[in-house]
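Listing of final-v2.txt; format and content: compact mmCIF, C-alpha atoms and all ligand atoms.
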```
# COMPACT_ATOMS: atom_id res chain seq x y z
CA MET A 1 -145.24 82.68 35.68
CA PRO A 2 -148.46 80.63 35.40
CA ALA A 3 -148.30 76.98 36.45
CA THR A 4 -149.13 76.05 32.87
CA ASP A 5 -145.89 77.56 31.61
CA VAL A 6 -143.88 75.83 34.28
CA ALA A 7 -145.50 72.55 33.32
CA LYS A 8 -144.74 73.21 29.68
CA HIS A 9 -141.23 74.49 29.88
CA GLY A 10 -139.94 72.43 32.76
CA VAL A 11 -139.46 73.37 36.35
CA ARG A 12 -135.70 73.34 36.65
CA SER A 13 -134.51 76.35 34.68
CA ASP A 14 -137.69 78.35 34.38
CA SER A 15 -138.22 78.28 38.12
CA ILE A 16 -134.86 80.02 38.52
CA VAL A 17 -135.84 82.61 35.93
CA THR A 18 -139.25 83.09 37.56
CA MET A 19 -137.86 83.55 41.04
CA THR A 20 -135.27 86.00 39.78
CA VAL A 21 -137.98 88.00 38.02
CA LEU A 22 -140.12 88.03 41.12
CA GLY A 23 -137.20 89.13 43.24
CA ALA A 24 -137.38 86.01 45.42
CA TRP A 25 -133.70 85.48 44.84
CA PRO A 26 -132.16 84.43 48.15
CA VAL A 27 -131.81 80.69 47.42
CA CYS A 28 -131.77 80.66 43.63
CA GLY A 29 -129.74 83.88 43.48
CA ILE A 30 -127.03 82.40 45.66
CA LEU A 31 -127.05 79.20 43.63
CA LYS A 32 -126.82 81.18 40.44
CA ARG A 33 -123.99 83.33 41.82
CA MET A 34 -122.11 80.21 42.90
CA LYS A 35 -122.66 78.82 39.39
CA ARG A 36 -121.28 82.03 37.91
CA ILE A 37 -118.20 81.99 40.14
CA LEU A 38 -117.64 78.35 39.29
CA ALA A 39 -118.12 79.08 35.59
CA LEU A 40 -115.65 81.95 35.87
CA CYS A 41 -113.06 79.71 37.55
CA ILE A 42 -113.54 77.03 34.90
CA GLY A 43 -113.48 79.70 32.18
CA LEU A 44 -110.17 81.09 33.38
CA ALA A 45 -108.58 77.68 33.18
CA LEU A 46 -109.65 77.00 29.63
CA ILE A 47 -109.34 78.63 26.26
CA LEU A 48 -112.45 78.54 24.09
CA PRO A 49 -113.42 76.83 21.90
CA ARG A 50 -112.89 73.49 23.55
CA PRO A 51 -114.09 70.08 22.43
CA ALA A 52 -116.13 68.22 25.00
CA ALA A 53 -117.50 64.73 25.20
CA ALA A 54 -119.27 63.28 22.19
CA LEU A 55 -123.00 62.84 21.71
CA ASP A 56 -124.20 59.51 20.38
CA SER A 57 -126.33 59.48 17.26
CA ALA A 58 -127.43 57.05 14.57
CA ALA A 59 -125.10 58.92 12.21
CA GLY A 60 -122.17 58.18 14.54
CA ALA A 61 -120.56 60.02 17.42
CA ILE A 62 -120.86 63.80 17.38
CA THR A 63 -118.13 66.04 18.76
CA THR A 64 -119.52 68.95 20.78
CA THR A 65 -117.34 72.04 21.03
CA GLU A 66 -118.20 74.81 23.45
CA MET A 67 -117.98 78.08 21.49
CA ALA A 68 -119.28 80.51 24.10
CA ARG A 69 -121.18 80.73 27.34
CA ILE A 70 -123.54 83.57 28.19
CA ASP A 71 -124.59 84.54 31.67
CA GLY A 72 -128.16 85.35 30.60
CA THR A 73 -130.52 83.41 28.35
CA PRO A 74 -129.25 83.01 24.78
CA TRP A 75 -132.15 82.72 22.32
CA SER A 76 -130.93 82.73 18.73
CA LEU A 77 -127.89 83.12 16.54
CA GLY A 78 -127.01 84.22 13.02
CA PHE A 79 -123.84 83.77 10.96
CA LEU A 80 -122.01 86.71 9.41
CA PRO A 81 -120.16 86.19 6.13
CA ASP A 82 -116.82 87.02 7.78
CA GLY A 83 -117.09 84.16 10.28
CA GLY A 84 -118.57 86.17 13.13
CA VAL A 85 -121.71 84.95 14.88
CA LEU A 86 -124.40 87.22 16.31
CA ILE A 87 -126.14 85.82 19.40
CA THR A 88 -129.25 87.28 21.02
CA GLU A 89 -129.77 87.15 24.76
CA ARG A 90 -133.42 87.25 25.78
CA GLU A 91 -132.74 89.74 28.56
CA GLY A 92 -131.96 92.32 25.85
CA ARG A 93 -128.33 92.06 24.81
CA LEU A 94 -126.81 91.23 21.44
CA TRP A 95 -123.40 89.57 21.30
CA LEU A 96 -120.83 89.19 18.54
CA LEU A 97 -118.67 86.08 18.78
CA ARG A 98 -115.51 86.41 16.75
CA ASP A 99 -112.19 84.59 17.07
CA GLY A 100 -113.34 83.03 20.33
CA ALA A 101 -114.15 86.36 21.97
CA LEU A 102 -117.63 87.52 22.91
CA ARG A 103 -118.34 91.25 22.70
CA ALA A 104 -121.59 93.12 23.36
CA VAL A 105 -123.11 95.01 20.44
CA ALA A 106 -124.57 98.38 21.49
CA GLY A 107 -127.68 100.01 20.07
CA VAL A 108 -130.17 97.17 20.55
CA PRO A 109 -133.76 98.42 20.87
CA SER A 110 -135.23 98.44 24.35
CA VAL A 111 -137.07 95.17 25.00
CA VAL A 112 -139.65 94.02 27.53
CA ASP A 113 -137.89 91.23 29.41
CA ASN A 114 -140.90 89.46 30.87
CA GLY A 115 -141.54 85.71 30.90
CA GLN A 116 -140.98 84.43 27.36
CA GLY A 117 -140.59 87.97 26.01
CA GLY A 118 -137.39 89.91 25.43
CA LEU A 119 -134.85 90.07 22.63
CA LEU A 120 -135.75 87.11 20.43
CA ASP A 121 -134.53 86.20 16.94
CA VAL A 122 -131.71 87.61 14.83
CA LEU A 123 -131.71 87.45 11.04
CA VAL A 124 -128.60 88.12 8.95
CA PRO A 125 -129.96 88.63 5.43
CA ARG A 126 -128.17 87.27 2.38
CA ASP A 127 -127.19 90.77 1.24
CA PHE A 128 -125.49 91.55 4.57
CA ALA A 129 -122.06 91.98 2.96
CA GLN A 130 -123.48 94.90 0.94
CA THR A 131 -126.01 96.35 3.40
CA ARG A 132 -124.70 95.31 6.86
CA ALA A 133 -128.41 95.06 7.78
CA VAL A 134 -129.37 92.99 10.83
CA TYR A 135 -133.01 92.21 11.68
CA LEU A 136 -134.14 91.56 15.25
CA SER A 137 -137.45 90.41 16.65
CA TYR A 138 -138.33 91.37 20.19
CA ALA A 139 -141.04 92.06 22.72
CA LYS A 140 -141.71 95.79 22.46
CA ALA A 141 -143.43 97.89 25.12
CA GLN A 142 -146.92 98.89 23.98
CA GLY A 143 -148.78 100.93 26.58
CA GLY A 144 -148.89 98.77 29.68
CA GLY A 145 -148.31 95.60 27.68
CA ALA A 146 -146.01 94.24 25.01
CA GLY A 147 -146.16 92.90 21.49
CA THR A 148 -143.84 91.17 19.04
CA ALA A 149 -141.93 93.64 16.90
CA LEU A 150 -139.35 93.69 14.12
CA ALA A 151 -136.41 96.10 14.02
CA ARG A 152 -133.52 96.64 11.66
CA GLY A 153 -130.15 98.18 12.25
CA ARG A 154 -126.84 98.44 10.46
CA LEU A 155 -123.90 96.69 12.10
CA SER A 156 -120.98 99.09 12.39
CA GLY A 157 -117.79 98.15 10.56
CA ASP A 158 -116.05 97.21 13.79
CA GLY A 159 -119.05 95.18 14.97
CA THR A 160 -119.46 97.10 18.22
CA ARG A 161 -122.85 98.73 17.60
CA LEU A 162 -126.06 98.79 15.62
CA GLU A 163 -126.64 102.06 13.80
CA ARG A 164 -129.76 103.64 12.33
CA VAL A 165 -131.98 101.25 14.28
CA GLU A 166 -135.65 101.50 13.37
CA THR A 167 -138.74 99.56 14.30
CA LEU A 168 -140.23 98.25 11.05
CA PHE A 169 -143.30 96.45 12.37
CA GLU A 170 -145.09 95.75 15.64
CA MET A 171 -148.09 93.55 16.25
CA ARG A 172 -151.35 95.18 17.09
CA ALA A 173 -151.84 95.71 19.97
CA GLY A 174 -150.18 95.56 23.36
CA THR A 175 -151.40 92.82 25.65
CA ARG A 176 -150.28 92.04 29.16
CA GLY A 177 -148.47 88.94 30.28
CA GLY A 178 -145.26 87.22 29.27
CA ARG A 179 -146.56 84.32 27.21
CA HIS A 180 -146.41 83.35 23.54
CA PHE A 181 -144.58 85.99 21.54
CA GLY A 182 -143.59 83.69 18.65
CA GLY A 183 -140.79 85.81 17.20
CA ARG A 184 -139.07 83.50 14.72
CA LEU A 185 -137.70 85.10 11.56
CA VAL A 186 -136.66 83.69 8.20
CA GLU A 187 -135.76 85.29 4.88
CA ALA A 188 -137.44 83.98 1.74
CA ALA A 189 -135.59 83.45 -1.55
CA ASP A 190 -137.15 86.69 -2.88
CA GLY A 191 -135.90 88.64 0.16
CA HIS A 192 -139.25 88.98 1.92
CA ILE A 193 -139.22 88.31 5.65
CA PHE A 194 -141.46 85.89 7.51
CA LEU A 195 -142.15 86.55 11.20
CA THR A 196 -144.16 84.40 13.60
CA THR A 197 -146.36 85.79 16.35
CA GLY A 198 -147.83 83.85 19.26
CA ASP A 199 -151.40 84.07 20.51
CA ARG A 200 -150.15 85.96 23.63
CA GLY A 201 -152.03 83.39 25.70
CA GLN A 202 -155.37 84.73 24.47
CA ASP A 203 -156.40 81.81 22.22
CA ALA A 204 -159.19 83.45 20.26
CA GLY A 205 -157.00 86.01 18.48
CA ALA A 206 -155.34 83.24 16.49
CA GLN A 207 -158.55 82.68 14.47
CA ARG A 208 -159.25 86.36 13.87
CA LEU A 209 -157.94 88.03 10.73
CA ASP A 210 -158.16 91.46 12.39
CA SER A 211 -155.58 90.35 14.98
CA HIS A 212 -151.85 89.76 14.65
CA GLN A 213 -151.98 87.11 17.38
CA GLY A 214 -151.08 83.55 16.39
CA LYS A 215 -149.93 84.24 12.84
CA VAL A 216 -147.18 83.76 10.31
CA LEU A 217 -146.64 87.20 8.77
CA ARG A 218 -144.96 88.06 5.46
CA LEU A 219 -143.26 91.44 5.28
CA THR A 220 -141.13 93.42 2.87
CA ARG A 221 -137.58 94.32 3.84
CA ASP A 222 -139.01 97.56 5.24
CA GLY A 223 -141.66 95.81 7.35
CA ALA A 224 -144.64 96.59 5.11
CA PRO A 225 -147.21 93.96 4.07
CA ALA A 226 -145.58 92.01 1.23
CA PRO A 227 -147.18 92.16 -2.23
CA GLY A 228 -149.18 89.02 -2.96
CA ASN A 229 -150.18 88.36 0.65
CA PRO A 230 -153.43 86.35 0.75
CA PHE A 231 -155.67 88.78 2.64
CA LEU A 232 -154.72 92.10 1.04
CA THR A 233 -158.22 92.56 -0.34
CA THR A 234 -160.19 90.89 2.47
CA PRO A 235 -162.25 93.50 4.33
CA GLY A 236 -161.12 93.89 7.93
CA ALA A 237 -158.14 91.54 7.57
CA LEU A 238 -154.63 92.64 8.50
CA PRO A 239 -152.53 92.72 5.34
CA GLU A 240 -149.36 91.23 6.87
CA ILE A 241 -151.03 87.84 7.49
CA TRP A 242 -149.72 84.85 5.54
CA SER A 243 -151.28 82.06 7.65
CA TYR A 244 -153.29 81.91 10.87
CA GLY A 245 -154.60 79.66 13.64
CA HIS A 246 -151.19 79.26 15.31
CA ARG A 247 -150.56 79.06 19.05
CA ASN A 248 -146.87 79.83 19.60
CA PRO A 249 -144.55 79.09 16.66
CA GLN A 250 -140.94 78.72 17.86
CA GLY A 251 -139.37 77.36 14.68
CA LEU A 252 -139.52 78.61 11.08
CA THR A 253 -137.40 77.49 8.14
CA PHE A 254 -137.35 76.63 4.45
CA ASP A 255 -136.56 73.24 2.96
CA ALA A 256 -134.38 72.74 -0.11
CA GLN A 257 -137.50 72.83 -2.31
CA GLY A 258 -138.36 76.30 -1.02
CA ARG A 259 -141.31 75.18 1.09
CA LEU A 260 -141.88 77.01 4.39
CA TRP A 261 -142.21 74.94 7.57
CA ALA A 262 -143.01 76.00 11.12
CA HIS A 263 -143.37 74.22 14.40
CA GLU A 264 -145.37 75.47 17.34
CA HIS A 265 -146.12 74.76 20.96
CA GLY A 266 -149.47 73.14 21.64
CA ALA A 267 -150.89 72.90 25.14
CA ARG A 268 -150.49 69.51 26.89
CA GLY A 269 -149.70 67.28 23.93
CA GLY A 270 -150.21 68.67 20.48
CA ASP A 271 -146.93 70.42 19.64
CA GLU A 272 -146.96 70.51 15.84
CA VAL A 273 -144.89 70.74 12.68
CA ASN A 274 -146.79 72.42 9.83
CA LEU A 275 -146.17 73.03 6.14
CA ILE A 276 -147.06 76.71 5.88
CA GLN A 277 -149.13 77.76 2.89
CA PRO A 278 -150.65 81.18 2.20
CA GLY A 279 -154.11 81.89 3.54
CA ARG A 280 -154.43 78.57 5.36
CA ASN A 281 -155.91 78.12 8.83
CA TYR A 282 -153.84 75.90 11.13
CA GLY A 283 -156.67 75.39 13.58
CA TRP A 284 -155.70 76.77 16.98
CA PRO A 285 -157.69 76.90 19.27
CA VAL A 286 -160.49 75.10 17.41
CA ILE A 287 -158.62 71.88 16.63
CA SER A 288 -155.62 70.39 18.41
CA TYR A 289 -154.15 67.03 19.33
CA GLY A 290 -153.45 68.36 22.80
CA VAL A 291 -155.61 68.97 25.85
CA GLN A 292 -155.69 71.87 28.30
CA TYR A 293 -153.10 71.76 31.08
CA SER A 294 -156.04 71.00 33.37
CA GLY A 295 -156.84 67.95 31.21
CA GLY A 296 -159.90 69.59 29.66
CA ARG A 297 -160.79 69.30 25.99
CA ILE A 298 -159.63 72.00 23.55
CA GLY A 299 -162.05 73.32 20.96
CA GLU A 300 -163.90 70.88 18.77
CA GLY A 301 -161.50 67.94 18.43
CA THR A 302 -158.62 67.09 16.14
CA ALA A 303 -159.95 67.85 12.66
CA LYS A 304 -162.33 70.20 10.92
CA PRO A 305 -163.00 71.06 7.27
CA GLY A 306 -161.11 74.18 6.23
CA MET A 307 -158.39 73.65 8.83
CA GLU A 308 -154.99 72.16 8.16
CA GLN A 309 -153.67 68.99 9.75
CA PRO A 310 -150.12 69.06 11.13
CA ALA A 311 -147.42 67.15 9.29
CA HIS A 312 -146.37 65.80 12.68
CA TYR A 313 -147.38 66.25 16.29
CA TRP A 314 -145.72 65.36 19.56
CA ASP A 315 -147.71 63.88 22.43
CA PRO A 316 -146.38 64.28 25.04
CA SER A 317 -145.21 67.76 24.11
CA ILE A 318 -141.48 68.34 23.75
CA ALA A 319 -141.73 72.18 23.79
CA PRO A 320 -139.98 72.57 20.40
CA SER A 321 -137.59 75.46 19.77
CA GLY A 322 -135.12 76.04 16.97
CA PHE A 323 -135.49 74.44 13.57
CA THR A 324 -133.06 73.39 10.85
CA ILE A 325 -133.73 71.31 7.78
CA TYR A 326 -130.26 70.00 7.17
CA ARG A 327 -128.59 70.57 3.78
CA GLY A 328 -124.89 70.43 4.54
CA GLY A 329 -122.11 67.98 3.83
CA LEU A 330 -120.79 67.21 7.31
CA PHE A 331 -123.73 64.97 8.24
CA PRO A 332 -124.76 63.33 4.93
CA ALA A 333 -127.17 60.97 6.73
CA TRP A 334 -129.19 63.99 7.93
CA ARG A 335 -129.66 65.67 4.54
CA GLY A 336 -133.32 66.69 4.18
CA ASP A 337 -134.07 65.76 7.79
CA PHE A 338 -135.80 68.11 10.23
CA LEU A 339 -133.80 68.90 13.37
CA VAL A 340 -135.84 70.38 16.22
CA GLY A 341 -134.68 71.32 19.72
CA SER A 342 -136.62 70.42 22.85
CA LEU A 343 -136.79 72.75 25.81
CA LYS A 344 -138.72 70.28 27.90
CA PHE A 345 -136.85 67.01 27.40
CA ASP A 346 -133.34 68.35 26.73
CA LEU A 347 -132.79 66.78 23.33
CA ILE A 348 -132.65 67.19 19.57
CA SER A 349 -135.53 65.54 17.72
CA ARG A 350 -134.66 64.30 14.22
CA LEU A 351 -137.58 63.81 11.85
CA ASP A 352 -137.36 62.13 8.45
CA PRO A 353 -139.77 63.23 5.68
CA ALA A 354 -139.09 60.10 3.58
CA GLY A 355 -142.12 58.74 1.77
CA GLY A 356 -144.05 61.97 2.22
CA ARG A 357 -144.77 61.30 5.88
CA LEU A 358 -142.83 63.14 8.56
CA ARG A 359 -141.76 60.77 11.32
CA GLU A 360 -139.57 61.28 14.38
CA VAL A 361 -136.76 58.78 13.88
CA GLU A 362 -134.25 59.75 16.55
CA ARG A 363 -133.75 61.69 19.77
CA ILE A 364 -130.20 62.91 20.29
CA GLN A 365 -129.56 63.59 23.93
CA GLY A 366 -126.64 64.21 26.26
CA ALA A 367 -125.33 66.52 28.94
CA GLU A 368 -124.94 69.25 26.30
CA THR A 369 -128.57 69.31 25.12
CA LEU A 370 -129.80 71.23 28.15
CA ARG A 371 -133.01 73.06 27.19
CA VAL A 372 -132.30 73.37 23.47
CA ARG A 373 -133.47 76.85 22.40
CA ASP A 374 -131.99 77.08 18.92
CA LEU A 375 -130.42 74.93 16.22
CA ARG A 376 -128.72 76.45 13.17
CA GLU A 377 -126.78 74.98 10.30
CA ALA A 378 -123.56 76.96 9.84
CA PRO A 379 -122.18 77.75 6.38
CA ASP A 380 -119.63 74.92 6.81
CA GLY A 381 -122.34 72.35 7.60
CA ALA A 382 -121.70 72.21 11.34
CA LEU A 383 -124.80 72.33 13.56
CA TRP A 384 -124.81 75.11 16.15
CA MET A 385 -126.96 74.62 19.21
CA ILE A 386 -128.02 76.93 22.01
CA ALA A 387 -128.42 75.12 25.33
CA GLU A 388 -130.44 77.66 27.26
CA GLY A 389 -130.21 75.62 30.45
CA ASN A 390 -126.62 76.74 31.07
CA GLY A 391 -126.28 79.48 28.45
CA THR A 392 -123.88 77.52 26.28
CA ILE A 393 -123.39 77.80 22.53
CA TRP A 394 -122.23 74.49 21.08
CA ARG A 395 -120.86 73.54 17.67
CA LEU A 396 -121.63 69.98 16.63
CA THR A 397 -119.48 68.14 14.09
CA PRO A 398 -118.97 64.45 13.28
CA ALA A 399 -116.39 62.82 15.56
CA LYS A 400 -113.28 61.88 13.66
CA CA B 501 -152.78 73.11 14.31
```
How does this structure look as structure tokens?
Amino acid sequence: MPATDVAKHGVRSDSIVTMTVLGAWPVCGILKRMKRILALCIGLALILPRPAAALDSAAGAITTTEMARIDGTPWSLGFLPDGGVLITEREGRLWLLRDGALRAVAGVPSVVDNGQGGLLDVLVPRDFAQTRAVYLSYAKAQGGGAGTALARGRLSGDGTRLERVETLFEMRAGTRGGRHFGGRLVEAADGHIFLTTGDRGQDAGAQRLDSHQGKVLRLTRDGAPAPGNPFLTTPGALPEIWSYGHRNPQGLTFDAQGRLWAHEHGARGGDEVNLIQPGRNYGWPVISYGVQYSGGRIGEGTAKPGMEQPAHYWDPSIAPSGFTIYRGGLFPAWRGDFLVGSLKFDLISRLDPAGGRLREVERIQGAETLRVRDLREAPDGALWMIAEGNGTIWRLTPAK
């Protein structure tokens, strides 16, 4: 893994991943095995879910309940209407958590588990009860490289396997390296699917309309370019593109007004939250509030006509991942607020859009917020959090 990625994502956990990938496992492998044995011993003594210590927040104490722990690297989760929860593991497995038990779901497409690539997001569409459709984003092998792809399968009645799995879309075209796959999915009110792609570490592709790198894409339920996309009639432009000039979007969600928001990783400084509008150029790598990892200047500065300004940026970078704009009833003080996980600083960033200006108003942090990879509001208003650092899935509720 390049030094830049270690700097960005933090040395502690990624160094373990990197050394495992490289096969240099003697020290880290033994540590990890000891951790697994310890986790197994602890696991045998306890019945999940179990409440743990509370997190402090401006809205009061938060009870954290451990719902599951995964040996690999959990990346995303989606709620089924029957109370089950699907959880992706970046290394390529899909899990179904139901009644406190975690079971593997067979039939997942083969993924390229390399660096930041692997099995990424899971989307349970609103019509799941009728269709049993499950959408997955992942890093798909393309020649000697890999690209972000979208697949759909049907979850079997007993939840043990995906059936009729098909790849609906894959970015053009395979590039080497394990950086910047994007991969976040969200379903629009009209059923279309938005998918983010990263720039694959190649910068320039983000500005090109004949490249899928560094984009927000809008697809039909079958993975075709959605009707009404902004570049359908632009010569040479790829028809799936909704917006461009992104570096590595790791959060994508709608607010209650139906507006689409994304956040993305900048370089050193310059992680951004953006209001995503069709056809707009979000600037990477021409404008940025960050600098190169070497300290060098990026592009032309921080602003340019024809390029969008972020609604918020973090400097220093927090390495944002997971994104919920809270709507539920359990945390009334958070309603309308943006909740963003941080891989780098082990926290939840809460941003308030009051007055039309997005401001970070709180950082929620504790032993549980270890490399926050995903944040999801459950149907009951609880906040579910993936702590990638120790593979734990937490459920957050107000302390009584
Ligand atoms: Ca930007």
Could you list the protein, DNA and RNA residues that have any atom within 12 Å of ligand CA 501 (chain B), counting only C-alpha atoms and all ligand atoms, and write them as a ChimeraX atom specification? /A:206-207,214-215,243-249,262-267,269-276,280-290,298-299,301-304,306-314
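Atom to atom, CA of Val165 (chain A) and CA of Gly322 (chain A) stand 25.5 Å apart.
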Who sits within 12 Å of Leu260 (chain A), only C-alpha atoms, same chain under 3 positions skipped, as a VMD selection string: chain A and resid 185 to 189 193 to 195 216 218 242 to 243 251 to 257 263 273 to 278 323 to 325
Residues just named, written with C-alpha atoms as a PDB file, keeping the file's coordinate frame:
```
ATOM      1  CA  LEU A 185    -137.700  85.100  11.560  1.00  0.00           C
ATOM      2  CA  VAL A 186    -136.660  83.690   8.200  1.00  0.00           C
ATOM      3  CA  GLU A 187    -135.760  85.290   4.880  1.00  0.00           C
ATOM      4  CA  ALA A 188    -137.440  83.980   1.740  1.00  0.00           C
ATOM      5  CA  ALA A 189    -135.590  83.450  -1.550  1.00  0.00           C
ATOM      6  CA  ILE A 193    -139.220  88.310   5.650  1.00  0.00           C
ATOM      7  CA  PHE A 194    -141.460  85.890   7.510  1.00  0.00           C
ATOM      8  CA  LEU A 195    -142.150  86.550  11.200  1.00  0.00           C
ATOM      9  CA  VAL A 216    -147.180  83.760  10.310  1.00  0.00           C
ATOM     10  CA  ARG A 218    -144.960  88.060   5.460  1.00  0.00           C
ATOM     11  CA  TRP A 242    -149.720  84.850   5.540  1.00  0.00           C
ATOM     12  CA  SER A 243    -151.280  82.060   7.650  1.00  0.00           C
ATOM     13  CA  GLY A 251    -139.370  77.360  14.680  1.00  0.00           C
ATOM     14  CA  LEU A 252    -139.520  78.610  11.080  1.00  0.00           C
ATOM     15  CA  THR A 253    -137.400  77.490   8.140  1.00  0.00           C
ATOM     16  CA  PHE A 254    -137.350  76.630   4.450  1.00  0.00           C
ATOM     17  CA  ASP A 255    -136.560  73.240   2.960  1.00  0.00           C
ATOM     18  CA  ALA A 256    -134.380  72.740  -0.110  1.00  0.00           C
ATOM     19  CA  GLN A 257    -137.500  72.830  -2.310  1.00  0.00           C
ATOM     20  CA  HIS A 263    -143.370  74.220  14.400  1.00  0.00           C
ATOM     21  CA  VAL A 273    -144.890  70.740  12.680  1.00  0.00           C
ATOM     22  CA  ASN A 274    -146.790  72.420   9.830  1.00  0.00           C
ATOM     23  CA  LEU A 275    -146.170  73.030   6.140  1.00  0.00           C
ATOM     24  CA  ILE A 276    -147.060  76.710   5.880  1.00  0.00           C
ATOM     25  CA  GLN A 277    -149.130  77.760   2.890  1.00  0.00           C
ATOM     26  CA  PRO A 278    -150.650  81.180   2.200  1.00  0.00           C
ATOM     27  CA  PHE A 323    -135.490  74.440  13.570  1.00  0.00           C
ATOM     28  CA  THR A 324    -133.060  73.390  10.850  1.00  0.00           C
ATOM     29  CA  ILE A 325    -133.730  71.310   7.780  1.00  0.00           C
TER      30      ILE A 325
END
```
Report as a Markdown table the residues of region 79-98 of chain A within 9 Å of region 119-134 of chain A, each with its shortest atom pair and distance in Å (one decimal), using all atoms listed in the file, ordered by chain and increasing residue number.
```
| residue | atom | partner | partner_atom | distance |
| --- | --- | --- | --- | --- |
| A:Phe79 | CA | A:Val124 | CA | 6.8 |
| A:Leu80 | CA | A:Val124 | CA | 6.8 |
| A:Pro81 | CA | A:Ala129 | CA | 6.9 |
| A:Asp82 | CA | A:Ala129 | CA | 8.7 |
| A:Leu86 | CA | A:Val122 | CA | 7.5 |
| A:Ile87 | CA | A:Val122 | CA | 7.4 |
| A:Thr88 | CA | A:Leu119 | CA | 6.5 |
| A:Glu89 | CA | A:Leu119 | CA | 6.2 |
| A:Arg90 | CA | A:Leu119 | CA | 4.5 |
| A:Glu91 | CA | A:Leu119 | CA | 6.3 |
| A:Gly92 | CA | A:Leu119 | CA | 4.9 |
| A:Arg93 | CA | A:Leu119 | CA | 7.2 |
| A:Leu94 | CA | A:Leu119 | CA | 8.2 |
```
What does the distance between CA of Arg69 (chain A) and CA of Ala367 (chain A) come to in Å, to one decimal place?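 Pair CA of Arg69 (chain A) / CA of Ala367 (chain A) returns 14.9 Å.
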Measure the distance from CA of Gly341 (chain A) to CA of Tyr326 (chain A) in Å and round it to one decimal.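 CA of Gly341 (chain A) sits 13.4 Å away from CA of Tyr326 (chain A).
Closest approach to Ser57 (chain A) among A:Gln365, A:Arg184, A:Leu339, A:Ile393 is made by A:Gln365 (distances from all atoms listed in the file).
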Using all atoms listed in the file, pick whichever of A:Gln250, A:Gly295, A:Ser156, A:Pro353 has the shortest atom-to-atom distance to Arg335 (chain A).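 With all atoms listed in the file as the atom set, the closest residue is A:Pro353.
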Excluding Gly60 (chain A) and its own-chain neighbours fewer than 5 positions away, which residues fall within 10 Å of it when counting all atoms listed in the file? Please give them as a list in words. Ala54, Leu55, Phe331, Ala333, Pro398, Ala399 and Lys400 of chain A
Residue nearest Arg164 (chain A) - candidates A:Ala106, A:Gly191, A:Gly144, A:Ala387, atoms counted: all atoms listed in the file: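 The answer is A:Ala106, which sits nearest to Arg164 (chain A).
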Using all atoms listed in the file, which of A:Pro235, A:Gly183, A:Gly296, A:Gly115 sits nearest Glu170 (chain A)? A:Gly183
Closest of A:His192, A:Arg327, A:Arg357, A:Arg371 to Asp222 (chain A) - atom-to-atom distances counting only C-alpha atoms: A:His192
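Checking A:Thr160, A:Gln142, A:Ser110, A:Gln292 one by one against Leu96 (chain A), counting all atoms listed in the file, you find the shortest gap at A:Thr160.
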May I have the residues within 8 Å of Thr397 (chain A) as a count of residues only, using all atoms listed in the file and disregarding those fewer than 2 positions away in the same chain? 9
